[in-house]
Each structure stands twice: as structure tokens, then as C-alpha cells.
$ cat target30.tsv   # TSV, C-alpha atoms
chain	number	residue	atom	x	y	z
A	1	MET	CA	-12.60	99.88	26.28
A	2	ARG	CA	-9.30	98.67	24.84
A	3	PRO	CA	-7.90	95.40	26.22
A	4	ILE	CA	-4.69	95.56	28.22
A	5	PHE	CA	-2.51	92.54	28.89
A	6	PHE	CA	0.65	92.25	30.97
A	7	CYS	CA	3.20	89.48	30.53
A	8	ALA	CA	5.17	89.25	33.78
A	9	ASP	CA	8.34	87.21	33.36
A	10	MET	CA	10.73	86.65	36.28
A	11	ASP	CA	14.38	87.36	35.53
A	12	ALA	CA	16.63	84.24	35.59
A	13	PHE	CA	14.17	82.85	38.11
A	14	PHE	CA	15.87	79.75	39.57
A	15	ALA	CA	19.26	81.48	39.70
A	16	SER	CA	17.74	84.65	41.17
A	17	VAL	CA	16.06	82.68	43.95
A	18	GLU	CA	19.38	81.02	44.78
A	19	GLN	CA	21.14	84.39	44.83
A	20	HIS	CA	18.44	85.81	47.07
A	21	ASP	CA	18.64	82.89	49.51
A	22	HIS	CA	22.46	82.84	49.38
A	23	PRO	CA	23.79	86.42	49.37
A	24	GLU	CA	27.30	85.09	48.79
A	25	TYR	CA	26.20	84.12	45.25
A	26	LYS	CA	25.12	87.63	44.28
A	27	GLY	CA	27.05	89.20	41.41
A	28	LYS	CA	28.69	85.87	40.59
A	29	PRO	CA	28.18	83.42	37.71
A	30	LEU	CA	25.68	80.90	39.06
A	31	ILE	CA	24.57	77.78	37.20
A	32	VAL	CA	21.57	75.74	38.35
A	33	GLY	CA	21.54	72.13	37.14
A	34	GLY	CA	22.23	68.55	38.11
A	35	SER	CA	25.51	67.11	39.28
A	36	LEU	CA	28.46	66.72	36.95
A	37	GLU	CA	28.58	63.00	37.66
A	38	HIS	CA	25.17	62.41	36.10
A	39	ARG	CA	25.75	64.48	32.97
A	40	SER	CA	22.82	66.79	33.61
A	41	VAL	CA	21.86	69.92	31.73
A	42	VAL	CA	21.64	73.53	32.88
A	43	SER	CA	18.18	74.43	34.18
A	44	ALA	CA	18.94	78.13	34.58
A	45	CYS	CA	21.86	80.48	35.03
A	46	SER	CA	22.46	84.00	36.29
A	47	TYR	CA	23.10	86.88	33.92
A	48	GLU	CA	26.71	86.87	35.11
A	49	ALA	CA	27.06	83.30	33.82
A	50	ARG	CA	25.43	84.16	30.50
A	51	LYS	CA	28.32	86.47	29.72
A	52	PHE	CA	30.48	83.34	29.40
A	53	GLY	CA	28.08	81.78	26.87
A	54	VAL	CA	26.25	79.55	29.35
A	55	HIS	CA	22.55	79.03	28.67
A	56	SER	CA	19.72	76.74	29.74
A	57	ALA	CA	19.54	73.20	28.28
A	58	MET	CA	23.33	73.20	27.85
A	59	PRO	CA	25.16	70.15	29.28
A	60	VAL	CA	26.57	70.99	32.71
A	61	LEU	CA	29.98	69.68	31.64
A	62	MET	CA	30.04	72.18	28.76
A	63	ALA	CA	28.98	74.97	31.11
A	64	ARG	CA	31.90	74.03	33.36
A	65	LYS	CA	34.31	74.41	30.44
A	66	LEU	CA	32.90	77.81	29.47
A	67	CYS	CA	32.70	79.06	33.04
A	68	PRO	CA	35.19	77.10	35.18
A	69	HIS	CA	34.92	79.54	38.07
A	70	GLY	CA	31.13	79.45	38.13
A	71	ILE	CA	29.09	78.33	41.13
A	72	PHE	CA	27.18	75.13	40.35
A	73	VAL	CA	24.13	74.16	42.42
A	74	THR	CA	21.65	71.31	41.91
A	75	GLY	CA	18.60	73.47	42.57
A	76	ASN	CA	15.57	73.18	44.83
A	77	MET	CA	12.28	72.86	42.93
A	78	LYS	CA	10.23	72.85	46.13
A	79	ARG	CA	11.67	76.25	47.04
A	80	TYR	CA	11.15	77.63	43.52
A	81	LYS	CA	7.52	76.53	43.59
A	82	GLU	CA	7.05	78.20	46.98
A	83	VAL	CA	8.42	81.49	45.68
A	84	SER	CA	6.41	81.20	42.48
A	85	ASP	CA	3.19	80.76	44.46
A	86	SER	CA	3.92	83.88	46.50
A	87	ILE	CA	4.57	85.92	43.35
A	88	MET	CA	1.37	84.69	41.69
A	89	GLU	CA	-0.48	85.81	44.81
A	90	ILE	CA	0.96	89.30	44.33
A	91	PHE	CA	-0.27	89.33	40.75
A	92	SER	CA	-3.76	88.31	41.89
A	93	ARG	CA	-4.01	91.47	44.00
A	94	PHE	CA	-4.03	93.52	40.82
A	95	THR	CA	-6.44	91.41	38.75
A	96	PRO	CA	-8.51	88.26	39.24
A	97	ASN	CA	-7.58	87.22	35.71
A	98	VAL	CA	-4.12	85.72	36.10
A	99	MET	CA	-3.10	83.03	33.63
A	100	GLN	CA	0.05	81.31	34.85
A	101	ASN	CA	2.02	80.23	31.80
A	102	SER	CA	4.90	78.54	33.65
A	103	ILE	CA	6.55	78.55	37.07
A	104	ASP	CA	8.12	81.95	36.36
A	105	GLU	CA	5.73	83.64	33.95
A	106	ALA	CA	2.10	84.76	33.88
A	107	PHE	CA	-0.30	86.83	31.80
A	108	LEU	CA	-2.43	89.39	33.60
A	109	ASP	CA	-5.61	90.72	32.00
A	110	MET	CA	-5.52	94.32	33.27
A	111	THR	CA	-8.43	95.57	31.17
A	112	GLY	CA	-10.50	98.09	33.11
A	113	THR	CA	-8.14	98.40	36.11
A	114	GLU	CA	-6.93	101.95	35.43
A	115	LEU	CA	-9.29	103.53	37.97
A	116	LEU	CA	-7.83	101.27	40.65
A	117	PHE	CA	-4.11	101.26	39.84
A	118	GLY	CA	-3.56	104.01	37.29
A	119	PRO	CA	-2.33	103.79	33.67
A	120	PRO	CA	-0.78	100.47	32.57
A	121	ALA	CA	2.86	101.54	32.95
A	122	GLU	CA	2.11	102.90	36.41
A	123	SER	CA	0.35	99.74	37.60
A	124	ALA	CA	3.15	97.61	36.14
A	125	ALA	CA	5.67	99.63	38.15
A	126	LYS	CA	3.61	98.97	41.28
A	127	ILE	CA	3.65	95.23	40.59
A	128	LYS	CA	7.41	95.28	40.08
A	129	GLU	CA	7.84	97.18	43.35
A	130	CYS	CA	5.71	94.63	45.26
A	131	VAL	CA	7.64	91.68	43.85
A	132	LEU	CA	10.97	93.29	44.70
A	133	SER	CA	10.01	94.31	48.24
A	134	GLU	CA	8.23	91.06	49.17
A	135	ALA	CA	10.16	88.41	47.24
A	136	GLY	CA	13.45	90.23	46.72
A	137	LEU	CA	13.38	89.47	42.99
A	138	THR	CA	13.03	91.45	39.77
A	139	VAL	CA	10.39	90.85	37.13
A	140	SER	CA	10.21	92.13	33.56
A	141	ILE	CA	6.77	93.21	32.38
A	142	GLY	CA	5.56	93.67	28.83
A	143	ILE	CA	2.33	95.56	28.12
A	144	ALA	CA	0.21	95.38	24.99
A	145	GLU	CA	-3.31	94.97	23.70
A	146	ASN	CA	-2.81	91.27	23.03
A	147	MET	CA	-0.89	88.53	24.82
A	148	TYR	CA	1.49	87.80	21.95
A	149	LEU	CA	2.85	91.35	21.85
A	150	ALA	CA	2.92	91.49	25.67
A	151	LYS	CA	5.10	88.35	25.66
A	152	LEU	CA	7.54	89.90	23.19
A	153	ALA	CA	7.56	93.17	25.14
A	154	SER	CA	8.48	91.35	28.37
A	155	ASP	CA	11.78	90.31	26.73
A	156	TYR	CA	12.41	93.70	25.18
A	157	ARG	CA	14.31	95.32	28.04
A	158	LYS	CA	15.33	92.40	30.23
A	159	PRO	CA	16.40	92.17	32.96
A	160	ASN	CA	14.15	94.23	35.24
A	161	GLY	CA	12.43	95.64	32.18
A	162	LEU	CA	9.16	97.44	31.56
A	163	TYR	CA	7.95	98.15	28.05
A	164	GLN	CA	4.55	99.06	26.63
A	165	VAL	CA	3.59	98.57	23.00
A	166	GLN	CA	1.43	101.63	22.39
A	167	ASN	CA	-1.72	101.38	20.28
A	168	GLY	CA	-0.81	102.09	16.67
A	169	THR	CA	2.86	101.09	17.04
A	170	GLU	CA	2.37	97.33	16.75
A	171	ILE	CA	3.96	96.92	13.33
A	172	GLU	CA	6.83	99.25	14.21
A	173	PHE	CA	7.47	97.15	17.33
A	174	ILE	CA	7.37	93.86	15.41
A	175	ASP	CA	9.79	95.23	12.82
A	176	SER	CA	12.27	96.11	15.57
A	177	ILE	CA	12.62	92.47	16.61
A	178	PRO	CA	14.84	90.06	14.63
A	179	MET	CA	12.75	87.39	12.93
A	180	LYS	CA	14.40	84.48	14.77
A	181	LYS	CA	13.47	86.08	18.11
A	182	LEU	CA	9.76	86.29	17.35
A	183	TRP	CA	7.88	83.90	19.63
A	184	GLY	CA	6.83	80.77	17.74
A	185	ILE	CA	9.54	80.99	15.07
A	186	GLY	CA	11.67	77.90	15.57
A	187	LYS	CA	14.96	77.04	13.89
A	188	SER	CA	13.30	74.99	11.18
A	189	THR	CA	10.75	77.68	10.31
A	190	PHE	CA	13.39	80.40	10.38
A	191	SER	CA	15.59	78.40	8.01
A	192	ARG	CA	12.72	77.94	5.57
A	193	LEU	CA	11.86	81.64	5.76
A	194	GLU	CA	15.46	82.61	5.05
A	195	LYS	CA	15.62	80.30	2.04
A	196	SER	CA	12.46	81.96	0.73
A	197	GLY	CA	13.89	85.44	1.24
A	198	LEU	CA	11.37	86.19	4.00
A	199	ASN	CA	13.86	87.14	6.68
A	200	THR	CA	11.90	90.10	8.10
A	201	ALA	CA	8.30	90.72	9.15
A	202	ALA	CA	8.14	93.50	6.56
A	203	ARG	CA	8.95	91.03	3.76
A	204	ILE	CA	6.26	88.62	4.99
A	205	ARG	CA	3.68	91.42	4.87
A	206	GLU	CA	4.35	91.78	1.15
A	207	TYR	CA	2.89	88.29	0.56
A	208	PRO	CA	-0.88	87.61	0.62
A	209	GLN	CA	-1.96	84.83	2.96
A	210	LYS	CA	-2.91	82.53	0.08
A	211	LEU	CA	0.60	82.70	-1.33
A	212	LEU	CA	2.09	82.03	2.10
A	213	ALA	CA	-0.22	79.02	2.41
A	214	SER	CA	1.09	77.60	-0.86
A	215	MET	CA	4.60	77.85	0.56
A	216	PHE	CA	4.14	76.86	4.21
A	217	GLY	CA	0.66	75.36	4.61
A	218	ASP	CA	-2.53	76.93	5.93
A	219	SER	CA	-1.86	77.00	9.69
A	220	GLU	CA	1.70	78.30	9.43
A	221	ALA	CA	0.65	80.86	6.83
A	222	GLU	CA	-2.06	82.20	9.13
A	223	PHE	CA	0.45	82.38	11.97
A	224	LEU	CA	3.02	84.29	9.88
A	225	TYR	CA	0.38	86.61	8.42
A	226	LYS	CA	-0.85	87.59	11.89
A	227	ILE	CA	2.44	88.02	13.76
A	228	SER	CA	3.95	90.12	10.95
A	229	ARG	CA	1.11	92.58	11.60
A	230	GLY	CA	1.32	92.47	15.37
A	231	GLN	CA	-1.90	90.46	15.67
A	232	ASP	CA	-2.40	87.69	18.22
A	233	PRO	CA	-1.96	84.28	16.51
A	234	GLY	CA	-3.62	82.50	19.43
A	235	ILE	CA	-0.57	80.77	20.93
A	236	PHE	CA	-1.61	81.85	24.39
A	237	THR	CA	-5.15	81.36	25.58
A	238	SER	CA	-6.97	81.52	28.87
A	239	ALA	CA	-8.89	78.35	28.01
A	240	PRO	CA	-8.09	75.34	30.22
A	241	LYS	CA	-5.26	73.27	28.80
A	242	THR	CA	-4.35	69.65	29.05
A	243	HIS	CA	-0.89	68.83	30.33
A	244	SER	CA	1.64	66.05	30.22
A	245	ILE	CA	3.16	63.68	32.76
A	246	SER	CA	6.70	62.64	31.95
A	247	ASN	CA	9.95	61.34	33.36
A	248	GLU	CA	13.34	60.88	31.79
A	249	ILE	CA	16.67	59.32	32.69
A	250	THR	CA	20.17	60.36	31.63
A	251	PHE	CA	22.53	57.39	31.66
A	252	ASP	CA	25.96	57.59	33.27
A	253	SER	CA	27.42	56.30	30.01
A	254	ASP	CA	25.96	56.10	26.51
A	255	ILE	CA	24.31	52.73	25.93
A	256	ASN	CA	22.78	50.58	23.20
A	257	ASP	CA	21.96	47.62	25.42
A	258	TYR	CA	18.34	46.62	24.71
A	259	THR	CA	17.87	44.93	28.10
A	260	ILE	CA	18.86	48.09	29.96
A	261	LEU	CA	16.62	50.21	27.75
A	262	LYS	CA	13.73	47.81	28.22
A	263	ASN	CA	14.07	47.81	32.02
A	264	THR	CA	14.39	51.58	32.03
A	265	LEU	CA	11.18	51.95	30.03
A	266	LEU	CA	9.47	49.55	32.43
A	267	ALA	CA	10.46	51.75	35.35
A	268	LEU	CA	9.40	54.94	33.56
A	269	SER	CA	6.07	53.36	32.57
A	270	HIS	CA	5.26	52.68	36.21
A	271	LYS	CA	6.35	56.13	37.32
A	272	ILE	CA	4.21	58.07	34.87
A	273	MET	CA	1.20	55.75	35.13
A	274	PHE	CA	1.18	55.92	38.93
A	275	ARG	CA	1.39	59.71	38.73
A	276	LEU	CA	-1.56	59.68	36.32
A	277	MET	CA	-3.54	57.49	38.71
A	278	GLU	CA	-2.73	59.78	41.63
A	279	GLN	CA	-4.09	62.74	39.68
A	280	GLY	CA	-7.17	60.84	38.58
A	281	GLY	CA	-6.48	61.79	34.97
A	282	THR	CA	-6.71	60.03	31.63
A	283	SER	CA	-4.49	60.00	28.56
A	284	LYS	CA	-4.61	58.39	25.14
A	285	THR	CA	-1.21	59.63	23.88
A	286	LEU	CA	2.24	58.31	24.77
A	287	ALA	CA	5.49	59.96	23.66
A	288	LEU	CA	9.01	58.55	23.66
A	289	LYS	CA	12.05	60.85	23.75
A	290	LEU	CA	15.57	59.79	22.77
A	291	ARG	CA	18.80	61.79	23.00
A	292	LEU	CA	21.77	60.15	21.30
A	293	ASP	CA	25.47	60.38	22.11
A	294	ASP	CA	25.85	63.25	19.59
A	295	PHE	CA	23.18	65.23	21.54
A	296	SER	CA	20.64	64.96	18.72
A	297	THR	CA	17.16	64.60	20.20
A	298	SER	CA	14.03	63.13	18.66
A	299	THR	CA	10.55	62.12	19.76
A	300	ILE	CA	7.86	59.76	18.54
A	301	GLN	CA	4.33	59.34	19.84
A	302	THR	CA	1.26	57.20	19.45
A	303	THR	CA	-2.39	58.01	20.15
A	304	ARG	CA	-4.88	55.27	20.92
A	305	GLN	CA	-8.64	55.11	20.63
A	306	ASN	CA	-9.04	54.39	24.36
A	307	SER	CA	-7.15	55.78	27.36
A	308	PHE	CA	-4.21	53.90	28.82
A	309	THR	CA	-5.37	51.81	31.77
A	310	SER	CA	-2.19	50.33	33.26
A	311	ALA	CA	1.57	50.67	33.43
A	312	GLU	CA	1.88	47.38	31.56
A	313	GLU	CA	-0.12	48.83	28.68
A	314	VAL	CA	2.08	51.94	28.68
A	315	PHE	CA	5.19	49.76	28.74
A	316	SER	CA	3.98	47.70	25.78
A	317	ALA	CA	3.33	50.86	23.76
A	318	ALA	CA	6.72	52.28	24.79
A	319	LEU	CA	8.53	49.22	23.45
A	320	GLU	CA	6.68	49.57	20.15
A	321	LEU	CA	7.80	53.19	19.88
A	322	LEU	CA	11.39	52.27	20.75
A	323	THR	CA	11.44	49.61	18.02
A	324	LYS	CA	10.18	52.12	15.45
A	325	LYS	CA	12.52	54.95	16.42
A	326	TRP	CA	15.79	53.38	17.55
A	327	ASN	CA	18.55	52.00	15.38
A	328	THR	CA	20.33	49.45	17.58
A	329	ASP	CA	23.72	50.77	16.45
A	330	GLN	CA	22.95	54.15	18.00
A	331	LYS	CA	24.11	54.83	21.53
A	332	ILE	CA	21.55	56.55	23.75
A	333	ARG	CA	22.41	59.23	26.27
A	334	LEU	CA	18.91	59.98	27.57
A	335	ILE	CA	15.54	58.30	27.34
A	336	GLY	CA	12.21	59.77	28.40
A	337	LEU	CA	8.58	58.73	28.43
A	338	GLY	CA	5.51	60.93	28.74
A	339	LEU	CA	1.72	60.71	28.73
A	340	GLN	CA	0.46	63.65	26.65
A	341	ASN	CA	-2.81	65.61	26.62
A	342	VAL	CA	-3.68	64.49	30.13
A	343	ASP	CA	-7.27	65.33	30.99
A	344	ASP	CA	-7.73	65.73	34.74
A	345	ASN	CA	-11.50	65.77	34.30
A	346	GLY	CA	-11.64	62.86	31.91
A	347	ALA	CA	-13.51	59.77	32.99
A	348	TYR	CA	-12.14	56.45	31.82
A	349	GLN	CA	-14.58	54.69	29.49
A	350	PRO	CA	-14.32	50.93	30.10
A	351	GLU	CA	-14.85	48.45	27.32
A	352	LEU	CA	-17.86	46.12	27.37
A	353	PHE	CA	-15.72	43.15	28.44
A	354	GLU	CA	-12.90	43.57	30.92
A	355	ASN	CA	-9.51	43.08	29.26
A	356	ILE	CA	-6.13	42.12	30.70
A	357	HIS	CA	-5.06	45.77	31.10
A	358	GLU	CA	-8.16	46.63	33.12
A	359	LYS	CA	-7.39	43.70	35.43
A	360	GLN	CA	-3.81	44.97	35.70
A	361	GLN	CA	-5.15	48.44	36.52
A	362	LYS	CA	-6.95	47.04	39.57
A	363	VAL	CA	-3.73	45.43	40.77
A	364	GLU	CA	-1.78	48.66	40.24
A	365	ASN	CA	-4.41	50.68	42.12
A	366	THR	CA	-3.95	48.33	45.06
A	367	ILE	CA	-0.16	48.71	44.87
A	368	LEU	CA	-0.50	52.49	44.77
A	369	LYS	CA	-2.71	52.50	47.89
A	370	LEU	CA	-0.26	50.26	49.77
A	371	ASN	CA	2.72	52.38	48.79
A	372	HIS	CA	0.89	55.49	49.99
A	373	ARG	CA	-0.08	53.81	53.22
A	374	TYR	CA	3.48	52.81	54.08
A	375	GLN	CA	5.07	55.94	52.58
A	376	LYS	CA	7.48	53.97	50.43
A	377	SER	CA	7.64	51.58	47.50
A	378	CYS	CA	6.81	48.47	49.48
A	379	LEU	CA	5.77	46.65	46.32
A	380	LEU	CA	7.82	46.69	43.15
A	381	LYS	CA	8.02	44.80	39.87
A	382	ALA	CA	10.63	42.05	40.16
A	383	ALA	CA	12.33	43.27	36.98
A	384	LEU	CA	12.91	46.64	38.63
A	385	LEU	CA	14.95	45.13	41.43
A	386	HIS	CA	17.84	44.82	38.99
A	387	ARG	CA	18.84	48.40	38.33
A	388	SER	CA	20.37	49.56	35.10
A	389	ARG	CA	23.84	51.02	35.15
A	390	SER	CA	22.26	54.47	35.52
A	391	GLY	CA	21.26	53.47	39.04
A	392	LYS	CA	18.31	55.86	38.89
A	393	TYR	CA	15.04	54.00	38.45
$ encode --input "target30.tsv" --output "C-alpha cells"
Amino acid sequence: MRPIFFCADMDAFFASVEQHDHPEYKGKPLIVGGSLEHRSVVSACSYEARKFGVHSAMPVLMARKLCPHGIFVTGNMKRYKEVSDSIMEIFSRFTPNVMQNSIDEAFLDMTGTELLFGPPAESAAKIKECVLSEAGLTVSIGIAENMYLAKLASDYRKPNGLYQVQNGTEIEFIDSIPMKKLWGIGKSTFSRLEKSGLNTAARIREYPQKLLASMFGDSEAEFLYKISRGQDPGIFTSAPKTHSISNEITFDSDINDYTILKNTLLALSHKIMFRLMEQGGTSKTLALKLRLDDFSTSTIQTTRQNSFTSAEEVFSAALELLTKKWNTDQKIRLIGLGLQNVDDNGAYQPELFENIHEKQQKVENTILKLNHRYQKSCLLKAALLHRSRSGKY
């Protein structure tokens, strides 16, 4: 029995939900993002807005210049999650093996379901019909014998697309997609491939894996070797994954004031550590994200032998990362902090002798319980009472 995977990807999800809930938005350029005053970025946009060059992750101010007559909304994540849950429930009617990849995308293992729902293209059409009739939204579905090709196929005829990569046509399908649009090929990799004259999958297939490894390293060579042949490189897997807990702040004006940055990191440290404590998870890796006034973005992270135990410990590590990464002459537009590789099932392993951070953890657990009890931040670090000029701790 040949495996069959679907990749179901909602079309312009956030914008489509807004257009469904607000019929007056239909057929118009709609941009979902933060307010103009806080210099936010575009979270999503309708296909009508894309015609003007608007795309996700673009600054809202730039989107306004490209599409001055567009409709700008701040978005409603609670509503998007609600719709997403209902769509995932629809998917689960067709197979128990649903792997949700994001809020608007999922892989469905449809192997062996033909007797129930018909051939793959027919069952995919049924899924699309259910999503449209029950949620009022369109979904593009890609079908293939591995998840990587299914993902590529879901983008092939967007929006409202349906495409199946037939057995035996994998290489032909891969060759029809521009190299820079192959999933997993970033700008840096694409640039290196172009410089090496490997600007098509067909050219990559001419090179043995060992030669590719001498040029790009073992892991990247294996990835290139497999995708150029339509094989699954293992990007997507049904195995349980760790996740991250992060928060970021965009300042109202670009800053290089260390005191403001320090207080902001203190606030972010408490936010992410309290969220970690609420989830009962553990993490040994902390990442710092900086976006400068020229929009260049960089990250730096540190991994410790033992899990972080308190917000104070996170804050201390965050300051170390800031010192390593930031040139004080640079003005910062956005700063973010995140705990990476969070293990929800991980048990914290205490050291033999209690240290200062473990004592702090007990205090913070008490604060968390009190804040939950009174449904507000009744207890707060004194330093956080003095807000930065962003006003958004």
C-alpha cells in the first residue's frame, strides 16, 4: 500500500477569517497587523492586497504606502484560533492522523482511506467542500506520497487549489518549481547555490552527494540530494516536537538607551518565565532577538547545562546575550526574548544544594499563584513600575 499524504493549507487565513466575519471587506485589499502608531508588521493580507506588493512581515507603515486605500485591522487571535480548531476537527473526520503544522496548516496521513472516501483527489475535494460549507473559507490541498512534496503541491495552485503529485512524476514536479521556492531553501542557501552554478534541481542531481558535502557540508548536502529527487528530507515529522515561549516589544522610537533595554529585558524575562511555569515546562536555551533601525534582524542564544529556574536567572542570561550582540552605537527598533526547546514533559532536576535561583523560583511561584487568584498582576518587580518609553511592558 502506497502512502498518501495531504498538506491542507488555508488561503490567506487571518485575512480570510476577517472577510468572512465582515462581508464588507470581501473583494477589498485587507491588511491584518498592529496599529500604525506602534510600528507593527503585517501578520497577513488578502490576495487583493498582495497585488499592491503587500506581504506578511512587512512594516505596516510600508504597507500603507503601497496600498493607501487598503483596510487595516489589528486582528483577533482568539477568533483565528477558534476557527482553526473547527477546521482541524473537520480534518479529523477523514483521518485520525492529523499533524497540525501551524494555526492554518496541517498534514493528513490518508494512507488506506480510499475505501471510505474514494481516491485521493476525490477525498481532498470532499474536505475542501466541508471547510467551505462549515467555515466559509477556502483551503488549498497538496497530495503526494511524502509530506515534503505534499507541502510544495499545496502551494502549486493557490488559492483554493488542489494538486496531486502522481507516483513517478516526482522529479518532473520538482523541476517545475523555481529553486528559491523549494521549501527549506533560504536566501543564504539560494545565493550559495547560484554562485556554484546550481540554480536548478536538475543541476544538483548531476553532483554526487559526496561532492555536495565538500561544498555545503554533510547535512545540507543530504537535504539538497533528497529534495532534488523528490524525496522527503525529513523537515516534517509526526514525532512530538518541543516548542518555544517568546515575547517581543517594538519601541515607539528607535533607542540605544541601556537602561530602557535592561528594564525591557527584565519585563520580558518575567513574562516568558511565568508562561513557562504555567505550562509546567522546562528549558535550557534562551534566545535574544534584535531588530535595528535599518530593519536588519539578528539572534543569539545560549544553552545551559541545567534548566532555567527563575525569571532572575533568565534576565541575567539575557543581559549577557545583549552585551555580546549589541553595539551601543546601534539603535534598536525591536527586542525579543524566547525560551527555546521547551519540554512540557521535562522534570526540573534540582542541584544537590539549593542555589539563589531555586530560592527565587519559590518566590516567583508564590507570585504567580497570587496573580492567578486575584486575576491581575497584584505583585510586580519595583523596576517594572517605571515603564520604558514603549509603554508596553
$ atom_distance --input "target30.tsv" --atom1 "atom CA of A:Phe52" --atom2 "atom CA of A:Lys65"
9.8 Å
$ residues_around --input "target30.tsv" --residues "A:Arg229" --least-positions-apart "6" --cutoff "9 Å" --atoms "only C-alpha atoms" --output "PDB file with C-alpha atoms, keeping the file's coordinate frame"
ATOM      1  CA  GLU A 170       2.370  97.330  16.750  1.00  0.00           C
ATOM      2  CA  ILE A 171       3.960  96.920  13.330  1.00  0.00           C
ATOM      3  CA  ILE A 174       7.370  93.860  15.410  1.00  0.00           C
ATOM      4  CA  ALA A 201       8.300  90.720   9.150  1.00  0.00           C
ATOM      5  CA  ALA A 202       8.140  93.500   6.560  1.00  0.00           C
ATOM      6  CA  ARG A 205       3.680  91.420   4.870  1.00  0.00           C
TER       7      ARG A 205
END
$ closest_residue --input "target30.tsv" --among "A:Val314, A:Met77, A:Ile71, A:Leu198" --to "A:Glu24" --atoms "only C-alpha atoms"
A:Ile71
$ residues_around --input "target30.tsv" --residues "A:Glu105" --least-positions-apart "2" --cutoff "12 Å" --atoms "all atoms listed in the file" --output "PyMOL selection string"
chain A and resi 6-13+84-85+87-88+91+98-103+107-108+139-142+150-151+154-155
$ residues_around --input "target30.tsv" --residues "A:Ser219" --least-positions-apart "5" --cutoff "12 Å" --atoms "only C-alpha atoms" --output "list in words"
Gln209, Lys210, Leu212, Ala213, Ser214, Leu224, Tyr225, Lys226, Pro233, Gly234 and Ile235 of chain A
$ closest_residue --input "target30.tsv" --among "A:Gln231, A:Gln301, A:Ser176, A:Thr323" --to "A:Leu149" --atoms "only C-alpha atoms"
A:Gln231
$ build_atoms --input "target30.tsv" --residues "stretch 268-285 of chain A" --atoms "N, CA, C and O atoms" --output "PDB file, keeping the file's coordinate frame"
ATOM      1  N   LEU A 268      10.040  53.670  33.919  1.00  0.00           N
ATOM      2  CA  LEU A 268       9.400  54.940  33.560  1.00  0.00           C
ATOM      3  C   LEU A 268       7.896  54.759  33.365  1.00  0.00           C
ATOM      4  O   LEU A 268       7.113  55.648  33.732  1.00  0.00           O
ATOM      5  N   SER A 269       7.495  53.632  32.794  1.00  0.00           N
ATOM      6  CA  SER A 269       6.070  53.360  32.570  1.00  0.00           C
ATOM      7  C   SER A 269       5.321  53.341  33.899  1.00  0.00           C
ATOM      8  O   SER A 269       4.212  53.885  34.016  1.00  0.00           O
ATOM      9  N   HIS A 270       5.904  52.715  34.900  1.00  0.00           N
ATOM     10  CA  HIS A 270       5.260  52.680  36.210  1.00  0.00           C
ATOM     11  C   HIS A 270       5.229  54.054  36.862  1.00  0.00           C
ATOM     12  O   HIS A 270       4.231  54.431  37.484  1.00  0.00           O
ATOM     13  N   LYS A 271       6.311  54.796  36.719  1.00  0.00           N
ATOM     14  CA  LYS A 271       6.350  56.130  37.320  1.00  0.00           C
ATOM     15  C   LYS A 271       5.256  57.037  36.772  1.00  0.00           C
ATOM     16  O   LYS A 271       4.507  57.669  37.518  1.00  0.00           O
ATOM     17  N   ILE A 272       5.161  57.127  35.453  1.00  0.00           N
ATOM     18  CA  ILE A 272       4.210  58.070  34.870  1.00  0.00           C
ATOM     19  C   ILE A 272       2.768  57.576  35.024  1.00  0.00           C
ATOM     20  O   ILE A 272       1.847  58.375  35.212  1.00  0.00           O
ATOM     21  N   MET A 273       2.558  56.253  34.978  1.00  0.00           N
ATOM     22  CA  MET A 273       1.200  55.750  35.130  1.00  0.00           C
ATOM     23  C   MET A 273       0.711  55.922  36.560  1.00  0.00           C
ATOM     24  O   MET A 273      -0.448  56.277  36.792  1.00  0.00           O
ATOM     25  N   PHE A 274       1.575  55.709  37.542  1.00  0.00           N
ATOM     26  CA  PHE A 274       1.180  55.920  38.930  1.00  0.00           C
ATOM     27  C   PHE A 274       0.892  57.395  39.197  1.00  0.00           C
ATOM     28  O   PHE A 274      -0.019  57.734  39.952  1.00  0.00           O
ATOM     29  N   ARG A 275       1.663  58.280  38.577  1.00  0.00           N
ATOM     30  CA  ARG A 275       1.390  59.710  38.730  1.00  0.00           C
ATOM     31  C   ARG A 275       0.038  60.066  38.101  1.00  0.00           C
ATOM     32  O   ARG A 275      -0.709  60.871  38.646  1.00  0.00           O
ATOM     33  N   LEU A 276      -0.269  59.445  36.962  1.00  0.00           N
ATOM     34  CA  LEU A 276      -1.560  59.680  36.320  1.00  0.00           C
ATOM     35  C   LEU A 276      -2.697  59.199  37.222  1.00  0.00           C
ATOM     36  O   LEU A 276      -3.722  59.880  37.374  1.00  0.00           O
ATOM     37  N   MET A 277      -2.513  58.046  37.826  1.00  0.00           N
ATOM     38  CA  MET A 277      -3.540  57.490  38.710  1.00  0.00           C
ATOM     39  C   MET A 277      -3.730  58.362  39.945  1.00  0.00           C
ATOM     40  O   MET A 277      -4.853  58.568  40.414  1.00  0.00           O
ATOM     41  N   GLU A 278      -2.632  58.899  40.469  1.00  0.00           N
ATOM     42  CA  GLU A 278      -2.730  59.780  41.630  1.00  0.00           C
ATOM     43  C   GLU A 278      -3.526  61.039  41.312  1.00  0.00           C
ATOM     44  O   GLU A 278      -4.254  61.568  42.155  1.00  0.00           O
ATOM     45  N   GLN A 279      -3.380  61.531  40.095  1.00  0.00           N
ATOM     46  CA  GLN A 279      -4.090  62.740  39.680  1.00  0.00           C
ATOM     47  C   GLN A 279      -5.524  62.456  39.260  1.00  0.00           C
ATOM     48  O   GLN A 279      -6.330  63.375  39.134  1.00  0.00           O
ATOM     49  N   GLY A 280      -5.831  61.184  39.039  1.00  0.00           N
ATOM     50  CA  GLY A 280      -7.170  60.840  38.580  1.00  0.00           C
ATOM     51  C   GLY A 280      -7.414  61.270  37.145  1.00  0.00           C
ATOM     52  O   GLY A 280      -8.553  61.532  36.748  1.00  0.00           O
ATOM     53  N   GLY A 281      -6.351  61.336  36.348  1.00  0.00           N
ATOM     54  CA  GLY A 281      -6.480  61.790  34.970  1.00  0.00           C
ATOM     55  C   GLY A 281      -6.527  60.648  33.973  1.00  0.00           C
ATOM     56  O   GLY A 281      -6.405  59.468  34.339  1.00  0.00           O
ATOM     57  N   THR A 282      -6.715  61.005  32.716  1.00  0.00           N
ATOM     58  CA  THR A 282      -6.710  60.030  31.630  1.00  0.00           C
ATOM     59  C   THR A 282      -5.851  60.543  30.486  1.00  0.00           C
ATOM     60  O   THR A 282      -5.694  61.751  30.318  1.00  0.00           O
ATOM     61  N   SER A 283      -5.306  59.623  29.718  1.00  0.00           N
ATOM     62  CA  SER A 283      -4.490  60.000  28.560  1.00  0.00           C
ATOM     63  C   SER A 283      -4.552  58.903  27.512  1.00  0.00           C
ATOM     64  O   SER A 283      -4.533  57.718  27.838  1.00  0.00           O
ATOM     65  N   LYS A 284      -4.597  59.323  26.256  1.00  0.00           N
ATOM     66  CA  LYS A 284      -4.610  58.390  25.140  1.00  0.00           C
ATOM     67  C   LYS A 284      -3.309  58.444  24.330  1.00  0.00           C
ATOM     68  O   LYS A 284      -3.129  57.673  23.396  1.00  0.00           O
ATOM     69  N   THR A 285      -2.417  59.398  24.685  1.00  0.00           N
ATOM     70  CA  THR A 285      -1.210  59.630  23.880  1.00  0.00           C
ATOM     71  C   THR A 285       0.054  59.394  24.694  1.00  0.00           C
ATOM     72  O   THR A 285       0.205  59.938  25.790  1.00  0.00           O
TER      73      THR A 285
END
